[in-house]
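Shown next: input-v3.tsv, containing TSV, C-alpha atoms.
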chain	number	residue	atom	x	y	z
J	1	MET	CA	-13.56	-0.83	32.72
J	2	VAL	CA	-13.66	-2.45	29.32
J	3	GLU	CA	-15.30	-0.10	26.89
J	4	SER	CA	-17.30	-1.37	23.97
J	5	VAL	CA	-17.33	0.01	20.49
J	6	CYS	CA	-20.28	0.79	18.21
J	7	MET	CA	-20.02	-1.53	15.19
J	8	ASP	CA	-21.53	1.12	12.90
J	9	CYS	CA	-19.63	4.33	13.74
J	10	HIS	CA	-16.58	2.85	15.60
J	11	ARG	CA	-17.25	5.17	18.56
J	12	LEU	CA	-16.23	4.06	22.07
J	13	VAL	CA	-19.39	3.62	24.12
J	14	ALA	CA	-19.62	3.42	27.90
J	15	GLY	CA	-23.22	2.13	28.22
J	16	GLN	CA	-25.30	-0.46	26.42
J	17	GLU	CA	-26.28	1.74	23.49
J	18	CYS	CA	-24.45	4.07	21.09
J	19	PRO	CA	-25.58	7.63	21.93
J	20	VAL	CA	-25.21	8.78	18.31
J	21	CYS	CA	-26.46	5.82	16.24
J	22	GLY	CA	-28.87	4.58	18.90
J	23	THR	CA	-27.87	1.03	18.06
J	24	THR	CA	-27.09	-1.72	20.55
J	25	ASN	CA	-24.81	-3.39	18.04
J	26	LEU	CA	-21.65	-3.10	20.16
J	27	SER	CA	-18.43	-5.09	20.26
J	28	ASN	CA	-15.74	-5.61	22.89
J	29	ASP	CA	-13.23	-6.87	20.36
J	30	TRP	CA	-11.50	-3.78	19.00
J	31	SER	CA	-7.99	-2.44	18.56
J	32	GLY	CA	-6.27	0.89	18.00
J	33	LEU	CA	-7.49	4.07	19.67
J	34	LEU	CA	-8.10	7.36	17.88
J	35	VAL	CA	-9.08	10.47	19.85
J	36	ILE	CA	-10.43	13.35	17.79
J	37	VAL	CA	-10.14	16.64	19.68
J	38	ASP	CA	-10.69	19.24	16.96
J	39	PRO	CA	-12.49	17.71	13.96
J	40	GLU	CA	-12.55	20.99	12.04
J	41	LYS	CA	-8.79	21.39	11.88
J	42	SER	CA	-7.77	17.72	12.07
J	43	GLU	CA	-6.57	16.13	8.85
J	44	ILE	CA	-7.07	12.66	10.32
J	45	ALA	CA	-10.72	13.44	11.12
J	46	LYS	CA	-11.27	14.63	7.55
J	47	LYS	CA	-9.64	11.52	6.11
J	48	ILE	CA	-11.91	9.16	8.02
J	49	GLY	CA	-14.96	11.44	7.81
J	50	VAL	CA	-15.48	12.20	11.50
J	51	THR	CA	-17.21	15.44	12.52
J	52	ILE	CA	-17.82	14.87	16.24
J	53	PRO	CA	-14.96	15.01	18.77
J	54	ASP	CA	-14.88	11.65	20.53
J	55	LYS	CA	-12.88	8.47	21.00
J	56	TYR	CA	-12.93	5.99	18.14
J	57	ALA	CA	-11.55	2.51	17.52
J	58	LEU	CA	-9.43	1.94	14.42
J	59	LYS	CA	-10.58	-1.62	14.01
J	60	VAL	CA	-13.68	-3.45	15.27
J	61	ARG	CA	-14.41	-7.15	14.93
R	1	MET	CA	-6.78	30.12	9.38
R	2	SER	CA	-5.79	26.63	10.40
R	3	GLU	CA	-2.09	25.97	10.08
R	4	ASP	CA	-0.86	22.79	8.48
R	5	SER	CA	-1.08	19.67	10.56
R	6	ALA	CA	2.01	17.70	11.43
R	7	ILE	CA	2.38	14.45	13.33
R	8	PHE	CA	4.44	14.37	16.51
R	9	VAL	CA	5.47	11.20	18.27
R	10	ILE	CA	5.16	10.91	22.05
R	11	LYS	CA	7.06	8.24	23.94
R	12	THR	CA	5.01	6.60	26.67
R	13	THR	CA	5.30	3.81	29.20
R	14	ALA	CA	4.49	0.46	27.55
R	15	ASN	CA	0.81	-0.54	27.72
R	16	GLN	CA	-0.24	2.96	28.79
R	17	GLU	CA	-0.74	4.28	25.23
R	18	ARG	CA	-4.52	4.44	25.46
R	19	SER	CA	-4.63	6.13	28.84
R	20	VAL	CA	-2.00	8.66	27.71
R	21	ALA	CA	-4.02	9.45	24.56
R	22	GLY	CA	-7.18	9.90	26.62
R	23	MET	CA	-5.51	12.14	29.18
R	24	LEU	CA	-3.72	14.23	26.54
R	25	ALA	CA	-7.08	14.88	24.87
R	26	LYS	CA	-8.51	16.08	28.19
R	27	VAL	CA	-5.50	18.34	28.86
R	28	ALA	CA	-5.65	19.77	25.32
R	29	LYS	CA	-9.32	20.61	25.75
R	30	LYS	CA	-8.86	22.10	29.22
R	31	ASP	CA	-5.81	24.22	28.41
R	32	ASN	CA	-7.03	25.07	24.91
R	33	LEU	CA	-3.96	23.62	23.23
R	34	ASP	CA	-3.81	23.09	19.48
R	35	ILE	CA	-3.81	19.30	19.54
R	36	ARG	CA	-6.25	18.11	16.91
R	37	ALA	CA	-6.17	14.35	17.20
R	38	LEU	CA	-4.35	11.55	19.03
R	39	LEU	CA	-3.65	8.12	17.68
R	40	ALA	CA	-2.66	5.01	19.63
R	41	PRO	CA	-2.36	2.10	17.16
R	42	ASP	CA	-1.83	-1.35	18.71
R	43	GLU	CA	1.09	-2.00	16.36
R	44	LEU	CA	3.03	0.91	17.85
R	45	LYS	CA	3.93	-0.15	21.36
R	46	GLY	CA	5.19	2.59	23.66
R	47	TYR	CA	4.26	5.50	21.41
R	48	VAL	CA	1.29	7.79	20.82
R	49	LEU	CA	0.93	9.96	17.71
R	50	ALA	CA	-0.39	13.50	18.07
R	51	GLU	CA	-1.68	15.73	15.29
R	52	SER	CA	-0.82	19.36	15.99
R	53	SER	CA	0.53	22.46	14.29
R	54	ASN	CA	3.73	22.69	16.34
R	55	SER	CA	5.71	20.60	18.78
R	56	GLY	CA	5.58	23.25	21.52
R	57	GLU	CA	1.90	22.59	22.15
R	58	VAL	CA	2.50	18.83	22.41
R	59	GLU	CA	5.49	19.41	24.68
R	60	GLN	CA	3.34	21.56	26.95
R	61	ALA	CA	0.52	19.01	27.04
R	62	ILE	CA	2.66	16.06	28.15
R	63	GLN	CA	4.07	17.91	31.18
R	64	THR	CA	1.14	17.08	33.44
R	65	VAL	CA	0.29	13.67	31.99
R	66	PRO	CA	1.68	10.64	33.81
R	67	HIS	CA	3.28	7.91	31.64
R	68	ALA	CA	3.90	10.40	28.80
R	69	ARG	CA	7.68	10.58	28.81
R	70	ALA	CA	8.94	12.75	25.94
R	71	VAL	CA	8.20	14.12	22.50
R	72	VAL	CA	10.45	12.51	19.88
R	73	LYS	CA	12.51	15.12	18.01
R	74	GLY	CA	11.34	15.94	14.52
R	75	GLN	CA	7.98	15.42	12.95
R	76	SER	CA	6.19	13.00	10.70
R	77	SER	CA	3.81	13.58	7.82
R	78	MET	CA	0.20	12.54	7.34
R	79	GLU	CA	1.17	10.14	4.55
R	80	GLU	CA	3.45	8.19	6.86
R	81	ILE	CA	0.68	7.40	9.35
R	82	MET	CA	-2.15	6.88	6.86
R	83	HIS	CA	-1.71	3.09	6.92
R	84	PHE	CA	-2.61	3.03	10.65
R	85	LEU	CA	-6.05	4.45	9.86
R	86	THR	CA	-7.02	1.62	7.53
R	87	PRO	CA	-5.82	-1.57	9.21
R	88	LYS	CA	-5.32	-4.59	6.99
R	89	PRO	CA	-7.39	-7.69	7.76
R	90	THR	CA	-5.37	-10.07	9.92
R	91	VAL	CA	-5.87	-12.92	7.45
R	92	THR	CA	-3.96	-11.06	4.72
R	93	GLY	CA	-1.13	-13.26	3.51
R	94	ILE	CA	-2.72	-16.51	4.62
R	95	THR	CA	-3.67	-18.67	1.66
R	96	GLU	CA	-5.50	-21.96	1.34
R	97	GLY	CA	-3.08	-24.84	1.65
R	98	ALA	CA	-0.61	-22.91	3.81
R	99	ILE	CA	0.93	-24.54	6.87
R	100	ILE	CA	0.37	-22.55	10.06
R	101	GLU	CA	1.05	-22.88	13.76
R	102	VAL	CA	-1.64	-21.91	16.25
R	103	THR	CA	-0.23	-19.36	18.72
R	104	SER	CA	-2.99	-19.17	21.34
R	105	GLY	CA	-6.10	-20.90	22.59
R	106	PRO	CA	-6.67	-24.60	23.36
R	107	PHE	CA	-4.73	-25.67	20.24
R	108	LYS	CA	-1.66	-23.54	20.99
R	109	GLY	CA	1.50	-24.99	19.46
R	110	GLU	CA	-0.39	-27.29	17.08
R	111	LYS	CA	0.49	-27.26	13.40
R	112	ALA	CA	-2.29	-27.27	10.85
R	113	ARG	CA	-3.12	-26.85	7.18
R	114	VAL	CA	-5.41	-23.99	6.09
R	115	LYS	CA	-8.59	-25.23	4.42
R	116	ARG	CA	-10.56	-22.01	4.07
R	117	VAL	CA	-9.95	-18.28	4.59
R	118	ASP	CA	-12.84	-16.00	5.58
R	119	GLU	CA	-11.66	-12.42	4.98
R	120	GLY	CA	-14.92	-10.83	6.15
R	121	HIS	CA	-14.89	-12.41	9.58
R	122	GLU	CA	-11.08	-12.61	9.71
R	123	GLU	CA	-11.27	-16.28	10.50
R	124	ILE	CA	-9.57	-19.30	8.99
R	125	THR	CA	-10.65	-22.93	8.96
R	126	VAL	CA	-7.81	-25.37	9.53
R	127	GLU	CA	-7.22	-29.09	9.95
R	128	LEU	CA	-4.76	-30.10	12.65
R	129	PHE	CA	-1.90	-32.39	11.59
R	130	ASP	CA	-1.85	-34.37	14.83
R	131	ALA	CA	-5.56	-35.16	14.89
R	132	VAL	CA	-6.41	-38.83	14.23
R	133	VAL	CA	-9.58	-37.87	12.38
R	134	PRO	CA	-9.35	-34.68	10.29
R	135	ILE	CA	-11.77	-32.28	11.95
R	136	PRO	CA	-11.96	-28.75	10.55
R	137	ILE	CA	-11.72	-26.09	13.23
R	138	THR	CA	-12.30	-22.37	12.74
R	139	ILE	CA	-9.94	-19.99	14.52
R	140	ARG	CA	-9.17	-16.26	14.46
R	141	GLY	CA	-6.72	-15.07	11.84
R	142	ASP	CA	-4.54	-13.21	14.34
R	143	THR	CA	-3.81	-16.24	16.51
R	144	VAL	CA	-1.68	-18.05	13.95
R	145	ARG	CA	1.85	-17.90	12.60
R	146	ILE	CA	2.54	-18.85	9.01
R	147	LEU	CA	5.15	-21.61	8.69
R	148	ARG	CA	4.98	-22.27	4.96
R	149	LYS	CA	3.05	-20.28	2.38
R	150	GLU	CA	1.62	-23.03	0.22
R	151	GLU	CA	2.07	-26.72	-0.37
R	152	GLU	CA	2.03	-28.16	-3.85
Translate this structure into structure tokens?
Amino acid sequence: MVESVCMDCHRLVAGQECPVCGTTNLSNDWSGLLVIVDPEKSEIAKKIGVTIPDKYALKVR
Amino acid sequence: MSEDSAIFVIKTTANQERSVAGMLAKVAKKDNLDIRALLAPDELKGYVLAESSNSGEVEQAIQTVPHARAVVKGQSSMEEIMHFLTPKPTVTGITEGAIIEVTSGPFKGEKARVKRVDEGHEEITVELFDAVVPIPITIRGDTVRILRKEEE
């Protein structure tokens, strides 16, 4: 299944709406996957300002 | 309490980077392993980057994951992977007046001159050389190859 990505928070979304932002502004054109498992310890999560463990896209068009 | 993060590189089967990253995250959560983040940039074919405190945890995680082949010896630093987190726009390096070749789509193989570069939308407007009448067409910045930087 092709997952879409929320244009606002870059989160991978399975449905028609982003569960966090509540927006329907989604895109199928994205590249690069980032999975945050432990946002409290992760340096990467801190760098990009993510606090919720989830899958994110690095780039969304 | 948290130990310093290091980046470990996992070799995977080509085109399975995303599925490996997803499965490793699930395994890490289930087995309570200290894997903090996983990164699968498109530029890095056949590899997944894992942020963890030691390679043992990563080694343990890949054992049950199909398509994850091995952990590359040694470790990388945060600085070295920072550029993956902020991807450059695909139109970087393309200037107005440059000669490009279209690499995909209906105009594949056609040569053209760049008329306009739209950094925000990552699109460029070009005029094909072989067209009888010069019609500007707008194409994606990642579907072209630069042949010559700029024409005087």
Find the residues of chain R that sit at most 6 Å from chain J; for each, write down the nearest two atoms and how far apart they are in Å, to one decimal. Count all atoms listed in the file. Sort by chain, then by number going up, and give it as a tab-separated table.
residue	atom	partner	partner_atom	distance
R:Arg36	CA	J:Asp38	CA	4.6
R:Ala37	CA	J:Ile36	CA	4.4
R:Leu38	CA	J:Val35	CA	4.9
R:Leu39	CA	J:Leu34	CA	4.5
R:Ala40	CA	J:Leu33	CA	4.9
R:Pro41	CA	J:Gly32	CA	4.2
R:Asp42	CA	J:Gly32	CA	5.0
Could you turn the residues from that selection into a file that holds C-alpha atoms, as a PDB file, in the frame of the given file?
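Heads up, here's the output in result04.pdb:
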ATOM      1  CA  ARG R  36      -6.250  18.110  16.910  1.00  0.00           C
ATOM      2  CA  ALA R  37      -6.170  14.350  17.200  1.00  0.00           C
ATOM      3  CA  LEU R  38      -4.350  11.550  19.030  1.00  0.00           C
ATOM      4  CA  LEU R  39      -3.650   8.120  17.680  1.00  0.00           C
ATOM      5  CA  ALA R  40      -2.660   5.010  19.630  1.00  0.00           C
ATOM      6  CA  PRO R  41      -2.360   2.100  17.160  1.00  0.00           C
ATOM      7  CA  ASP R  42      -1.830  -1.350  18.710  1.00  0.00           C
TER       8      ASP R  42
END
**Prompt:** Could you state the separation of CA of Ala14 in chain J and CA of Gln63 in chain R in Å, given to one decimal place?
**Reply:**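 So the two atoms, CA of Ala14 in chain J and CA of Gln63 in chain R, lie 28.0 Å apart.
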**Request:** Identify, on the basis of all atoms listed in the file, every residue whose closest approach to Cys9 in chain J does not exceed 10 Å; exclude the query and any residue fewer than 4 positions from it along the same chain; express the result as a list in words.
**Result:**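 Returned residues: Val5, Cys18, Val20, Cys21, Thr23, Val50, Tyr56, Ala57 and Val60 of chain J.
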**Residue neighbourhood range 2-19 of chain R, 9 Å, all atoms listed in the file, exclusion window fewer than 5 positions, as a ChimeraX atom specification** = /J:32-34,40-43 /R:24,36,39-42,44-55,58-59,62,66-78,81
**Asked** How would you write as a VMD selection string the residues that get within 9 Å of (-10.4, -7.3, 6.0) in the file's frame, counting only C-alpha atoms?
**Response** chain R and resid 87 to 92 119 to 122
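The interatomic distance for the pair CA of Thr103 in chain R and CA of His10 in chain J works out to 27.8 Å.
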Enclose all atoms of range 38-45 of chain J listed in the file in an axis-aligned box, grow every side by 8 Å, and hand back centre and edge lengths in Å to one decimal, as lines of an AutoDock Vina configuration file.
center_x = -9.6
center_y = 17.0
center_z = 12.9
size_x = 22.0
size_y = 24.7
size_z = 24.1
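Distances from R:His83, R:Lys30, R:Lys115, R:Arg140 to Asp29 in chain J were compared using all atoms listed in the file, and the smallest one belongs to R:Arg140.
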**Request:** Please identify all polymer residues within 10 Å of Pro136 in chain R, counting all atoms listed in the file, omitting same-chain residues fewer than 4 positions from it, and present them as a PyMOL selection string.
**Result:** chain R and resi 112-116+124-128
**Prompt:** What is the distance between CA of Met82 in chain R and CA of Arg11 in chain J, in Å to one decimal?
**Reply:**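 Computing the Euclidean distance for CA of Met82 in chain R and CA of Arg11 in chain J yields 19.2 Å.
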